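Trainee: See start_15.pdb below, with PDB, C-alpha atoms.
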ATOM      1  CA  MET A   1      63.529 -87.835  20.453
ATOM      2  CA  PRO A   2      62.563 -87.800  24.166
ATOM      3  CA  CYS A   3      65.994 -86.286  24.829
ATOM      4  CA  ILE A   4      65.315 -83.414  22.407
ATOM      5  CA  GLN A   5      61.916 -82.869  24.009
ATOM      6  CA  THR A   6      63.539 -82.717  27.476
ATOM      7  CA  LEU A   7      66.127 -80.219  26.233
ATOM      8  CA  LYS A   8      63.346 -78.107  24.742
ATOM      9  CA  ILE A   9      61.543 -78.032  28.093
ATOM     10  CA  TYR A  10      64.742 -77.075  29.940
ATOM     11  CA  TRP A  11      65.379 -74.297  27.394
ATOM     12  CA  LEU A  12      61.803 -73.071  27.750
ATOM     13  CA  ASN A  13      62.059 -72.974  31.546
ATOM     14  CA  PHE A  14      65.481 -71.334  31.529
ATOM     15  CA  SER A  15      64.333 -68.681  29.041
ATOM     16  CA  ILE A  16      61.008 -67.804  30.661
ATOM     17  CA  TYR A  17      62.165 -67.908  34.279
ATOM     18  CA  THR A  18      65.415 -66.021  33.580
ATOM     19  CA  GLY A  19      63.611 -63.487  31.421
ATOM     20  CA  SER A  20      60.916 -63.003  34.061
ATOM     21  CA  VAL A  21      63.421 -62.509  36.891
ATOM     22  CA  LEU A  22      65.565 -60.080  34.868
ATOM     23  CA  TRP A  23      62.545 -58.098  33.677
ATOM     24  CA  THR A  24      61.186 -57.963  37.240
ATOM     25  CA  ILE A  25      64.521 -56.626  38.546
ATOM     26  CA  VAL A  26      64.609 -54.028  35.762
ATOM     27  CA  GLY A  27      60.986 -53.170  36.548
ATOM     28  CA  ILE A  28      61.618 -52.690  40.268
ATOM     29  CA  PHE A  29      64.605 -50.380  39.695
ATOM     30  CA  ALA A  30      63.074 -48.477  36.779
ATOM     31  CA  SER A  31      59.630 -48.038  38.329
ATOM     32  CA  PRO A  32      60.451 -45.037  40.595
ATOM     33  CA  PHE A  33      61.794 -43.084  37.595
ATOM     34  CA  ALA A  34      58.928 -44.135  35.338
ATOM     35  CA  TYR A  35      56.474 -43.223  38.099
ATOM     36  CA  VAL A  36      57.950 -39.721  38.456
ATOM     37  CA  LEU A  37      57.860 -39.331  34.673
ATOM     38  CA  LEU A  38      54.187 -40.320  34.500
ATOM     39  CA  LYS A  39      53.234 -38.110  37.448
ATOM     40  CA  SER A  40      55.073 -35.150  35.919
ATOM     41  CA  THR A  41      52.672 -35.215  32.970
ATOM     42  CA  GLY A  42      49.860 -34.312  35.384
ATOM     43  CA  LYS A  43      47.543 -36.838  33.712
ATOM     44  CA  TYR A  44      47.638 -39.600  36.304
ATOM     45  CA  THR A  45      46.695 -40.058  39.929
ATOM     46  CA  THR A  46      49.076 -42.146  42.035
ATOM     47  CA  ALA A  47      46.939 -45.287  41.620
ATOM     48  CA  GLU A  48      46.574 -44.717  37.863
ATOM     49  CA  ALA A  49      50.317 -44.184  37.386
ATOM     50  CA  VAL A  50      51.111 -47.425  39.242
ATOM     51  CA  ARG A  51      48.413 -49.328  37.320
ATOM     52  CA  LYS A  52      49.926 -48.097  34.061
ATOM     53  CA  LEU A  53      53.380 -49.272  35.168
ATOM     54  CA  VAL A  54      52.000 -52.703  36.146
ATOM     55  CA  TRP A  55      50.233 -52.950  32.777
ATOM     56  CA  ILE A  56      53.439 -52.006  30.887
ATOM     57  CA  TYR A  57      55.357 -54.574  32.968
ATOM     58  CA  SER A  58      52.760 -57.246  32.092
ATOM     59  CA  ARG A  59      52.628 -56.244  28.430
ATOM     60  CA  VAL A  60      56.403 -56.523  28.022
ATOM     61  CA  TRP A  61      56.285 -59.872  29.875
ATOM     62  CA  VAL A  62      53.635 -61.165  27.452
ATOM     63  CA  ARG A  63      55.702 -60.025  24.439
ATOM     64  CA  MET A  64      58.822 -61.639  25.905
ATOM     65  CA  VAL A  65      57.112 -64.961  26.658
ATOM     66  CA  SER A  66      55.501 -64.974  23.203
ATOM     67  CA  LEU A  67      59.029 -65.373  21.787
ATOM     68  CA  PHE A  68      59.056 -68.899  23.278
ATOM     69  CA  ILE A  69      55.406 -69.992  23.281
ATOM     70  CA  PRO A  70      52.530 -68.920  21.018
ATOM     71  CA  ILE A  71      50.201 -66.407  22.688
ATOM     72  CA  HIS A  72      47.053 -65.375  20.845
ATOM     73  CA  MET A  73      46.167 -61.881  22.053
ATOM     74  CA  PRO A  74      42.472 -61.003  22.424
ATOM     75  CA  SER A  75      40.930 -58.982  19.630
ATOM     76  CA  GLY A  76      38.311 -56.299  20.172
ATOM     77  CA  ASN A  77      37.967 -53.422  22.589
ATOM     78  CA  ILE A  78      36.786 -53.515  26.155
ATOM     79  CA  PRO A  79      33.999 -51.051  26.975
ATOM     80  CA  SER A  80      35.197 -48.768  29.741
ATOM     81  CA  PRO A  81      34.310 -48.746  32.557
ATOM     82  CA  CYS A  82      33.431 -52.379  33.153
ATOM     83  CA  VAL A  83      34.120 -55.402  35.299
ATOM     84  CA  LEU A  84      36.460 -57.808  33.561
ATOM     85  CA  VAL A  85      36.064 -61.412  34.735
ATOM     86  CA  VAL A  86      38.813 -63.872  33.929
ATOM     87  CA  ASN A  87      39.010 -67.637  34.394
ATOM     88  CA  HIS A  88      41.966 -68.784  36.475
ATOM     89  CA  ALA A  89      44.098 -71.868  35.957
ATOM     90  CA  SER A  90      47.678 -70.702  36.452
ATOM     91  CA  PHE A  91      49.919 -68.243  38.270
ATOM     92  CA  PHE A  92      50.686 -66.734  34.840
ATOM     93  CA  ASP A  93      47.053 -65.658  34.244
ATOM     94  CA  VAL A  94      47.669 -62.468  36.224
ATOM     95  CA  TYR A  95      50.497 -61.519  33.851
ATOM     96  CA  LEU A  96      48.088 -61.806  30.928
ATOM     97  CA  ILE A  97      46.497 -58.560  32.096
ATOM     98  CA  GLY A  98      49.044 -57.112  29.697
ATOM     99  CA  ALA A  99      47.507 -59.010  26.810
ATOM    100  CA  GLN A 100      44.424 -56.796  26.806
ATOM    101  CA  SER A 101      44.366 -53.151  25.795
ATOM    102  CA  GLN A 102      43.118 -51.401  28.970
ATOM    103  CA  TRP A 103      45.867 -50.047  31.209
ATOM    104  CA  ASN A 104      43.718 -48.559  34.000
ATOM    105  CA  VAL A 105      42.853 -51.930  35.478
ATOM    106  CA  CYS A 106      42.478 -52.660  39.166
ATOM    107  CA  LEU A 107      42.686 -56.199  40.486
ATOM    108  CA  ALA A 108      40.418 -57.661  43.153
ATOM    109  CA  VAL A 109      42.453 -60.372  44.838
ATOM    110  CA  ARG A 110      42.574 -62.484  47.974
ATOM    111  CA  ASP A 111      44.739 -61.600  50.946
ATOM    112  CA  TRP A 112      47.837 -63.720  50.254
ATOM    113  CA  PRO A 113      49.305 -61.727  47.299
ATOM    114  CA  PHE A 114      49.258 -58.658  49.566
ATOM    115  CA  ARG A 115      51.738 -60.492  51.804
ATOM    116  CA  ILE A 116      54.360 -60.977  49.031
ATOM    117  CA  PRO A 117      57.088 -58.391  49.840
ATOM    118  CA  PHE A 118      57.870 -57.383  46.216
ATOM    119  CA  TYR A 119      54.219 -57.137  45.220
ATOM    120  CA  LYS A 120      52.736 -55.484  48.298
ATOM    121  CA  PRO A 121      53.901 -51.856  47.778
ATOM    122  CA  PHE A 122      52.791 -51.888  44.129
ATOM    123  CA  MET A 123      49.435 -53.476  44.974
ATOM    124  CA  LEU A 124      48.712 -50.986  47.732
ATOM    125  CA  ALA A 125      49.805 -48.019  45.601
ATOM    126  CA  ALA A 126      47.654 -49.250  42.689
ATOM    127  CA  GLY A 127      44.627 -49.397  44.997
ATOM    128  CA  TYR A 128      44.059 -53.113  44.405
ATOM    129  CA  VAL A 129      41.104 -54.498  46.313
ATOM    130  CA  ASN A 130      41.709 -57.072  49.034
ATOM    131  CA  THR A 131      38.583 -59.212  48.962
ATOM    132  CA  GLU A 132      39.373 -61.035  52.217
ATOM    133  CA  SER A 133      40.895 -58.834  54.858
ATOM    134  CA  THR A 134      38.454 -55.952  54.784
ATOM    135  CA  GLU A 135      34.971 -55.841  56.304
ATOM    136  CA  PRO A 136      32.235 -57.552  54.239
ATOM    137  CA  GLY A 137      30.850 -55.088  51.734
ATOM    138  CA  HIS A 138      33.938 -52.878  51.816
ATOM    139  CA  ALA A 139      35.556 -54.662  48.859
ATOM    140  CA  ILE A 140      32.432 -54.086  46.761
ATOM    141  CA  ALA A 141      32.290 -50.406  47.813
ATOM    142  CA  GLN A 142      35.994 -49.953  46.956
ATOM    143  CA  SER A 143      35.477 -51.665  43.580
ATOM    144  CA  VAL A 144      32.485 -49.452  42.752
ATOM    145  CA  LYS A 145      34.505 -46.347  43.690
ATOM    146  CA  THR A 146      37.353 -47.480  41.409
ATOM    147  CA  ILE A 147      34.908 -47.819  38.519
ATOM    148  CA  GLN A 148      33.355 -44.417  39.260
ATOM    149  CA  ASP A 149      36.885 -42.971  39.083
ATOM    150  CA  GLY A 150      37.324 -44.428  35.584
ATOM    151  CA  GLY A 151      39.073 -47.712  36.355
ATOM    152  CA  THR A 152      38.213 -51.206  35.155
ATOM    153  CA  MET A 153      37.916 -53.866  37.850
ATOM    154  CA  ILE A 154      39.382 -57.295  37.202
ATOM    155  CA  TYR A 155      38.020 -60.271  39.104
ATOM    156  CA  PHE A 156      38.975 -63.939  38.983
ATOM    157  CA  PRO A 157      35.503 -65.124  40.043
ATOM    158  CA  GLU A 158      36.685 -68.681  40.785
ATOM    159  CA  GLY A 159      38.728 -67.195  43.639
ATOM    160  CA  THR A 160      41.559 -69.651  43.132
ATOM    161  CA  ARG A 161      43.208 -71.608  40.346
ATOM    162  CA  SER A 162      41.257 -74.480  38.822
ATOM    163  CA  THR A 163      43.153 -77.770  38.913
ATOM    164  CA  THR A 164      40.993 -79.536  36.337
ATOM    165  CA  GLY A 165      40.868 -77.011  33.519
ATOM    166  CA  ASN A 166      37.120 -76.707  34.118
ATOM    167  CA  LEU A 167      35.567 -73.624  35.678
ATOM    168  CA  ARG A 168      35.094 -73.782  39.447
ATOM    169  CA  ARG A 169      32.112 -72.328  41.296
ATOM    170  CA  PHE A 170      32.012 -68.528  40.866
ATOM    171  CA  TYR A 171      31.997 -66.095  43.801
ATOM    172  CA  SER A 172      29.588 -63.176  43.547
ATOM    173  CA  GLY A 173      31.829 -60.136  44.165
ATOM    174  CA  ALA A 174      32.297 -59.256  40.484
ATOM    175  CA  PHE A 175      28.563 -59.372  39.853
ATOM    176  CA  HIS A 176      27.573 -57.369  42.929
ATOM    177  CA  THR A 177      30.111 -54.775  41.762
ATOM    178  CA  ALA A 178      28.782 -54.655  38.189
ATOM    179  CA  LEU A 179      25.181 -54.253  39.365
ATOM    180  CA  LYS A 180      26.018 -51.612  41.965
ATOM    181  CA  ALA A 181      28.188 -49.629  39.549
ATOM    182  CA  ASP A 182      25.714 -50.292  36.697
ATOM    183  CA  VAL A 183      28.432 -51.379  34.269
ATOM    184  CA  PRO A 184      28.745 -54.452  32.030
ATOM    185  CA  VAL A 185      30.675 -57.593  32.865
ATOM    186  CA  VAL A 186      33.167 -58.485  30.144
ATOM    187  CA  PRO A 187      34.392 -62.095  30.214
ATOM    188  CA  LEU A 188      38.028 -62.731  29.252
ATOM    189  CA  CYS A 189      38.707 -66.420  28.629
ATOM    190  CA  ILE A 190      42.220 -67.821  28.847
ATOM    191  CA  SER A 191      43.055 -71.327  27.713
ATOM    192  CA  GLY A 192      46.402 -73.112  27.765
ATOM    193  CA  THR A 193      47.896 -71.688  30.963
ATOM    194  CA  ASN A 194      46.635 -74.795  32.799
ATOM    195  CA  LYS A 195      49.038 -76.785  30.593
ATOM    196  CA  LEU A 196      51.821 -74.188  30.701
ATOM    197  CA  LEU A 197      52.056 -74.084  34.503
ATOM    198  CA  PRO A 198      49.183 -75.705  36.416
ATOM    199  CA  LYS A 199      48.597 -75.107  40.112
ATOM    200  CA  GLY A 200      51.352 -76.715  42.182
ATOM    201  CA  ALA A 201      53.743 -77.234  39.229
ATOM    202  CA  LYS A 202      57.196 -75.670  39.005
ATOM    203  CA  LEU A 203      58.241 -76.807  35.530
ATOM    204  CA  ILE A 204      56.821 -74.896  32.573
ATOM    205  CA  GLN A 205      55.506 -77.155  29.803
ATOM    206  CA  PRO A 206      55.065 -76.252  26.125
ATOM    207  CA  ALA A 207      51.571 -74.916  25.473
ATOM    208  CA  THR A 208      49.659 -72.552  23.255
ATOM    209  CA  ILE A 209      47.985 -69.701  25.113
ATOM    210  CA  LYS A 210      44.740 -68.422  23.661
ATOM    211  CA  THR A 211      42.820 -65.449  24.975
ATOM    212  CA  CYS A 212      39.339 -64.430  23.920
ATOM    213  CA  LEU A 213      37.229 -61.421  24.873
ATOM    214  CA  LEU A 214      33.526 -62.221  24.896
ATOM    215  CA  PRO A 215      30.710 -59.717  24.276
ATOM    216  CA  PRO A 216      29.777 -57.577  27.304
ATOM    217  CA  VAL A 217      26.940 -58.777  29.538
ATOM    218  CA  TYR A 218      24.973 -55.653  30.444
ATOM    219  CA  PRO A 219      23.363 -55.291  33.890
ATOM    220  CA  ASP A 220      19.971 -53.864  32.807
ATOM    221  CA  LYS A 221      17.847 -57.015  32.872
ATOM    222  CA  TYR A 222      19.454 -58.262  36.118
ATOM    223  CA  HIS A 223      18.383 -55.104  37.971
ATOM    224  CA  ARG A 224      14.787 -56.127  37.386
ATOM    225  CA  ILE A 225      14.958 -59.558  39.037
ATOM    226  CA  ALA A 226      15.415 -60.634  42.654
ATOM    227  CA  ASN A 227      18.976 -61.802  43.342
ATOM    228  CA  GLY A 228      19.981 -60.497  39.912
ATOM    229  CA  HIS A 229      23.640 -61.043  40.768
ATOM    230  CA  VAL A 230      23.078 -64.822  40.888
ATOM    231  CA  ALA A 231      21.379 -64.839  37.480
ATOM    232  CA  MET A 232      24.140 -62.671  36.003
ATOM    233  CA  ARG A 233      26.813 -64.921  37.556
ATOM    234  CA  LYS A 234      25.190 -68.052  36.102
ATOM    235  CA  ASP A 235      24.792 -66.504  32.626
ATOM    236  CA  VAL A 236      28.400 -65.272  32.536
ATOM    237  CA  LYS A 237      29.740 -68.616  33.738
ATOM    238  CA  ALA A 238      27.701 -70.468  31.094
ATOM    239  CA  ILE A 239      28.991 -68.347  28.195
ATOM    240  CA  MET A 240      32.568 -68.612  29.494
ATOM    241  CA  ALA A 241      32.313 -72.413  29.791
ATOM    242  CA  GLN A 242      30.974 -72.598  26.246
ATOM    243  CA  ALA A 243      33.729 -70.335  24.885
ATOM    244  CA  LEU A 244      36.475 -72.243  26.734
ATOM    245  CA  GLN A 245      35.221 -75.511  25.298
ATOM    246  CA  LYS A 246      35.515 -74.103  21.770
ATOM    247  CA  MET A 247      38.970 -72.643  22.497
ATOM    248  CA  VAL A 248      40.504 -75.989  23.471
ATOM    249  CA  LEU A 249      39.238 -77.755  20.338
TER     250      LEU A 249
ATOM    251  CA  MET B   1       7.449 -64.434  58.877
ATOM    252  CA  THR B   2       7.459 -67.369  61.328
ATOM    253  CA  ASP B   3      10.697 -68.951  62.562
ATOM    254  CA  PRO B   4      10.406 -71.998  60.243
ATOM    255  CA  GLU B   5       9.739 -69.627  57.320
ATOM    256  CA  VAL B   6      12.834 -67.599  58.209
ATOM    257  CA  ILE B   7      14.919 -70.786  58.346
ATOM    258  CA  GLN B   8      13.514 -71.914  55.007
ATOM    259  CA  HIS B   9      14.262 -68.504  53.477
ATOM    260  CA  VAL B  10      17.854 -68.622  54.767
ATOM    261  CA  ASN B  11      18.271 -72.097  53.264
ATOM    262  CA  ASP B  12      16.796 -70.978  49.940
ATOM    263  CA  LEU B  13      19.179 -68.016  49.809
ATOM    264  CA  LEU B  14      22.230 -70.143  50.621
ATOM    265  CA  ALA B  15      21.225 -72.852  48.141
ATOM    266  CA  GLU B  16      20.932 -70.309  45.349
ATOM    267  CA  GLU B  17      24.021 -68.298  46.259
ATOM    268  CA  PHE B  18      26.393 -71.219  46.828
ATOM    269  CA  GLU B  19      24.871 -73.779  44.457
ATOM    270  CA  LEU B  20      24.092 -76.152  47.338
ATOM    271  CA  THR B  21      21.526 -78.937  47.293
ATOM    272  CA  PHE B  22      18.938 -79.192  50.048
ATOM    273  CA  ASP B  23      20.324 -82.648  50.948
ATOM    274  CA  GLN B  24      23.580 -80.973  51.949
ATOM    275  CA  MET B  25      21.828 -78.435  54.112
ATOM    276  CA  ARG B  26      21.407 -80.383  57.328
ATOM    277  CA  PRO B  27      21.263 -78.101  60.409
ATOM    278  CA  GLU B  28      24.461 -79.640  61.784
ATOM    279  CA  ALA B  29      26.366 -79.121  58.478
ATOM    280  CA  LEU B  30      29.604 -77.218  59.050
ATOM    281  CA  PHE B  31      30.255 -74.434  56.553
ATOM    282  CA  LYS B  32      33.927 -75.164  56.041
ATOM    283  CA  GLU B  33      34.126 -78.941  56.333
ATOM    284  CA  ASP B  34      30.732 -80.057  54.976
ATOM    285  CA  LEU B  35      29.610 -77.283  52.637
ATOM    286  CA  GLU B  36      33.150 -76.277  51.512
ATOM    287  CA  LEU B  37      32.498 -72.580  51.992
ATOM    288  CA  ASP B  38      35.373 -70.238  52.789
ATOM    289  CA  SER B  39      36.082 -66.666  53.864
ATOM    290  CA  LEU B  40      35.084 -65.221  50.467
ATOM    291  CA  ASP B  41      31.768 -67.049  50.734
ATOM    292  CA  ALA B  42      31.291 -65.472  54.169
ATOM    293  CA  VAL B  43      31.557 -62.064  52.468
ATOM    294  CA  ASP B  44      28.882 -63.060  49.932
ATOM    295  CA  MET B  45      26.763 -64.508  52.744
ATOM    296  CA  VAL B  46      26.795 -61.227  54.679
ATOM    297  CA  ILE B  47      25.702 -59.305  51.581
ATOM    298  CA  ILE B  48      22.740 -61.577  50.739
ATOM    299  CA  LEU B  49      21.530 -61.828  54.348
ATOM    300  CA  GLU B  50      21.723 -58.057  54.840
ATOM    301  CA  GLN B  51      19.817 -57.512  51.590
ATOM    302  CA  ALA B  52      17.159 -60.118  52.391
ATOM    303  CA  PHE B  53      16.503 -59.317  56.058
ATOM    304  CA  LYS B  54      17.441 -55.613  56.153
ATOM    305  CA  PHE B  55      19.716 -55.896  59.201
ATOM    306  CA  LYS B  56      23.426 -55.120  59.561
ATOM    307  CA  ILE B  57      25.969 -57.860  60.185
ATOM    308  CA  LYS B  58      29.196 -55.934  59.591
ATOM    309  CA  LYS B  59      31.631 -55.969  62.538
ATOM    310  CA  ASN B  60      29.346 -58.448  64.352
ATOM    311  CA  GLU B  61      31.432 -60.714  66.609
ATOM    312  CA  ALA B  62      28.626 -63.291  66.933
ATOM    313  CA  PHE B  63      28.612 -63.752  63.137
ATOM    314  CA  LYS B  64      32.352 -64.480  63.157
ATOM    315  CA  ARG B  65      31.745 -67.372  65.585
ATOM    316  CA  ILE B  66      29.231 -69.101  63.291
ATOM    317  CA  ARG B  67      30.419 -72.570  62.252
ATOM    318  CA  SER B  68      27.301 -74.511  61.253
ATOM    319  CA  LEU B  69      24.027 -73.955  59.459
ATOM    320  CA  ASN B  70      22.231 -74.273  62.783
ATOM    321  CA  ASP B  71      24.422 -71.478  64.238
ATOM    322  CA  LEU B  72      23.428 -69.287  61.292
ATOM    323  CA  HIS B  73      19.704 -70.024  61.723
ATOM    324  CA  LYS B  74      19.921 -69.034  65.407
ATOM    325  CA  PHE B  75      21.887 -65.900  64.532
ATOM    326  CA  VAL B  76      19.341 -64.763  61.919
ATOM    327  CA  LEU B  77      16.406 -65.451  64.239
ATOM    328  CA  GLU B  78      18.081 -63.411  67.006
ATOM    329  CA  LYS B  79      18.796 -60.520  64.639
ATOM    330  CA  LYS B  80      15.205 -60.609  63.364
ATOM    331  CA  LYS B  81      13.933 -60.284  66.957
ATOM    332  CA  GLU B  82      16.186 -57.237  67.506
ATOM    333  CA  LEU B  83      14.582 -55.393  64.567
TER     334      LEU B  83
END
Using structure tokens, write down the structure that the file contains.

Mentor:
Amino acid sequence: MPCIQTLKIYWLNFSIYTGSVLWTIVGIFASPFAYVLLKSTGKYTTAEAVRKLVWIYSRVWVRMVSLFIPIHMPSGNIPSPCVLVVNHASFFDVYLIGAQSQWNVCLAVRDWPFRIPFYKPFMLAAGYVNTESTEPGHAIAQSVKTIQDGGTMIYFPEGTRSTTGNLRRFYSGAFHTALKADVPVVPLCISGTNKLLPKGAKLIQPATIKTCLLPPVYPDKYHRIANGHVAMRKDVKAIMAQALQKMVL
Amino acid sequence: MTDPEVIQHVNDLLAEEFELTFDQMRPEALFKEDLELDSLDAVDMVIILEQAFKFKIKKNEAFKRIRSLNDLHKFVLEKKKEL
């Protein structure tokens, strides 16, 4: 029996890694043509066209991976515009952008992904926000501008992947952005990716991925209190922790 | 606001923002090593200090050299005097 289990894991890793590499190669070569096609419709700005391509890439990746592991897609619609906050336990969480229905999503990320050669041109073209390398306050201003232009900001408020499965301390960027742009924060909870591929691991393990969209947290009441961003951050973290606990049961 | 009140206000702001306890907030505490704050926290710190004290920190070289809580207290007191 252990032998069959080992074979299953090898098959899972071969399938997902090979599929991901092949789909990425296809994506890189097809993206210039798809970009021109999208731009020719006259409906998209450069950043929007690239965001749509990234979302399609992620969506196909999610569908492909769901052939090998169960992925429960989130139900419900996301109010647009908003700030989407997502818990972070695995490298694969970013790909799950494609599991939700909004395509015009802009990621706020740390500096290191901007240094990955394959990712960098797409991230710059999509107008992704570098939360580390710019002057303090600039990332918030860029995020607010993205929302004013009709985009949805995505933040991983823990800033890095959790190694315990529990939520880490939240940074405030997402909440400053929501209050400044006067839009709701929508929590997206992901469970299972910490078992699929935790931080530092190379070998994918069998897991069930569940995603859950929680009700929007509107900014109104937080405008009326001092340091409203801290109160909003605490409330959002509390409801996410509660939802994640239920999801793993 | 007197200097001790300013220091207390800075500590209150940091405790709330970064979920720190007052036991941790010794003047000699280093942000990175003792309080486990990083570059993203520095961004949040700039925002809350600018909002609370109504001065500008952006592009300030002295702020980039801050390593400890005591350094930050001195920095805020200096900036308050410049206002």

Trainee: Give the residues of chain B that lie within 9 Å of chain A; count all atoms listed in the file, and format the answer as a list in words.

Mentor: Leu13, Glu16, Glu17, Phe18, Glu19, Ser39, Leu40, Asp41, Ala42, Val43, Asp44, Met45, Val46, Ile47, Ile48, Ile57, Lys58 and Lys59 of chain B

Trainee: If we count only C-alpha atoms and set the cut-off at 10 Å, which residues sit around region 235-249 of chain A, ignoring sequence neighbours fewer than 3 positions away in its own chain? Please answer as number ranges by chain.

Mentor: A: 85-87, 157-158, 165-170, 175, 185-192, 208-217, 229-232

Trainee: Starting from the point (26.7, -52.8, 30.8), work out which residues of protein, DNA or RNA have an atom no more than 8 Å away when counting only C-alpha atoms; state them as a VMD selection string.

Mentor: chain A and resid 82 178 182 to 185 216 to 220

Trainee: List the residues matched by the PyMOL selection byres ((chain B and resi 66) around 12) in the displayed structure as number ranges by chain, ordered by chain and then by residue number.

Mentor: B: 28-32, 39, 42, 45-46, 60-65, 67-76

Trainee: Once 6 Å is added on each side, what centre and edge lengths in Å to one decimal does the axis-aligned box around all listed atoms of region 204-209 of chain A have, as JSON?

Mentor:
{"center_x": 52.4, "center_y": -73.4, "center_z": 27.9, "size_x": 20.8, "size_y": 19.5, "size_z": 21.3}

Trainee: Nearest to Phe122 (chain A): which of A:Val54, A:Leu22, A:Val105, A:Ile69 is it, counting all atoms listed in the file?

Mentor: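 Result for the nearest residue to Phe122 (chain A): A:Val54.
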
Trainee: So how many Å separate CA of Val129 (chain A) and CA of Thr152 (chain A), to one decimal?

Mentor: 12.0 Å

Trainee: Which residues fall under the PyMOL selection byres ((chain A and resi 68) around 9) in this file, as a PyMOL selection string?

Mentor: chain A and resi 12+15-16+64-67+69-70+206

Trainee: Please determine the residues with any atom at most 12 Å from (9.7, -54.1, 64.3) (coordinates as given in the file, with only C-alpha atoms counting) and report them as a PDB file with C-alpha atoms, keeping the file's coordinate frame.

Mentor:
ATOM      1  CA  MET B   1       7.449 -64.434  58.877  1.00  0.00           C
ATOM      2  CA  PHE B  53      16.503 -59.317  56.058  1.00  0.00           C
ATOM      3  CA  LYS B  54      17.441 -55.613  56.153  1.00  0.00           C
ATOM      4  CA  PHE B  55      19.716 -55.896  59.201  1.00  0.00           C
ATOM      5  CA  LYS B  79      18.796 -60.520  64.639  1.00  0.00           C
ATOM      6  CA  LYS B  80      15.205 -60.609  63.364  1.00  0.00           C
ATOM      7  CA  LYS B  81      13.933 -60.284  66.957  1.00  0.00           C
ATOM      8  CA  GLU B  82      16.186 -57.237  67.506  1.00  0.00           C
ATOM      9  CA  LEU B  83      14.582 -55.393  64.567  1.00  0.00           C
TER      10      LEU B  83
END

Trainee: By how many Å are CA of Val26 (chain A) and CA of Phe156 (chain A) apart?

Mentor: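 Going from CA of Val26 (chain A) over to CA of Phe156 (chain A) covers 27.7 Å.
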
Trainee: Quick one: pull the distance between CA of Lys39 (chain A) and CA of Val144 (chain A), Å, one decimal.

Mentor: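 Between CA of Lys39 (chain A) and CA of Val144 (chain A) the gap is 24.2 Å.
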
Trainee: Can region 111-123 of chain A be brought up to N, CA and C atoms and written out as a compact mmCIF listing (two decimals), in the frame of the given file?

Mentor:
# COMPACT_ATOMS: atom_id res chain seq x y z
N ASP A 111 43.79 -62.23 50.03
CA ASP A 111 44.74 -61.60 50.95
C ASP A 111 46.20 -61.98 50.69
N TRP A 112 46.44 -63.25 50.26
CA TRP A 112 47.84 -63.72 50.25
C TRP A 112 48.78 -62.95 49.32
N PRO A 113 48.33 -62.49 48.12
CA PRO A 113 49.30 -61.73 47.30
C PRO A 113 49.75 -60.42 47.97
N PHE A 114 48.89 -59.89 48.86
CA PHE A 114 49.26 -58.66 49.57
C PHE A 114 50.39 -58.91 50.57
N ARG A 115 50.68 -60.19 50.84
CA ARG A 115 51.74 -60.49 51.80
C ARG A 115 53.08 -60.78 51.11
N ILE A 116 53.09 -60.75 49.75
CA ILE A 116 54.36 -60.98 49.03
C ILE A 116 55.14 -59.66 49.05
N PRO A 117 56.37 -59.66 49.63
CA PRO A 117 57.09 -58.39 49.84
C PRO A 117 57.27 -57.54 48.58
N PHE A 118 57.64 -58.16 47.44
CA PHE A 118 57.87 -57.38 46.22
C PHE A 118 56.57 -56.80 45.66
N TYR A 119 55.48 -57.54 45.82
CA TYR A 119 54.22 -57.14 45.22
C TYR A 119 53.48 -56.08 46.06
N LYS A 120 53.59 -56.26 47.39
CA LYS A 120 52.74 -55.48 48.30
C LYS A 120 52.73 -53.97 48.04
N PRO A 121 53.94 -53.32 47.96
CA PRO A 121 53.90 -51.86 47.78
C PRO A 121 53.21 -51.42 46.48
N PHE A 122 53.42 -52.23 45.42
CA PHE A 122 52.79 -51.89 44.13
C PHE A 122 51.27 -52.09 44.21
N MET A 123 50.87 -53.18 44.89
CA MET A 123 49.44 -53.48 44.97
C MET A 123 48.70 -52.43 45.81
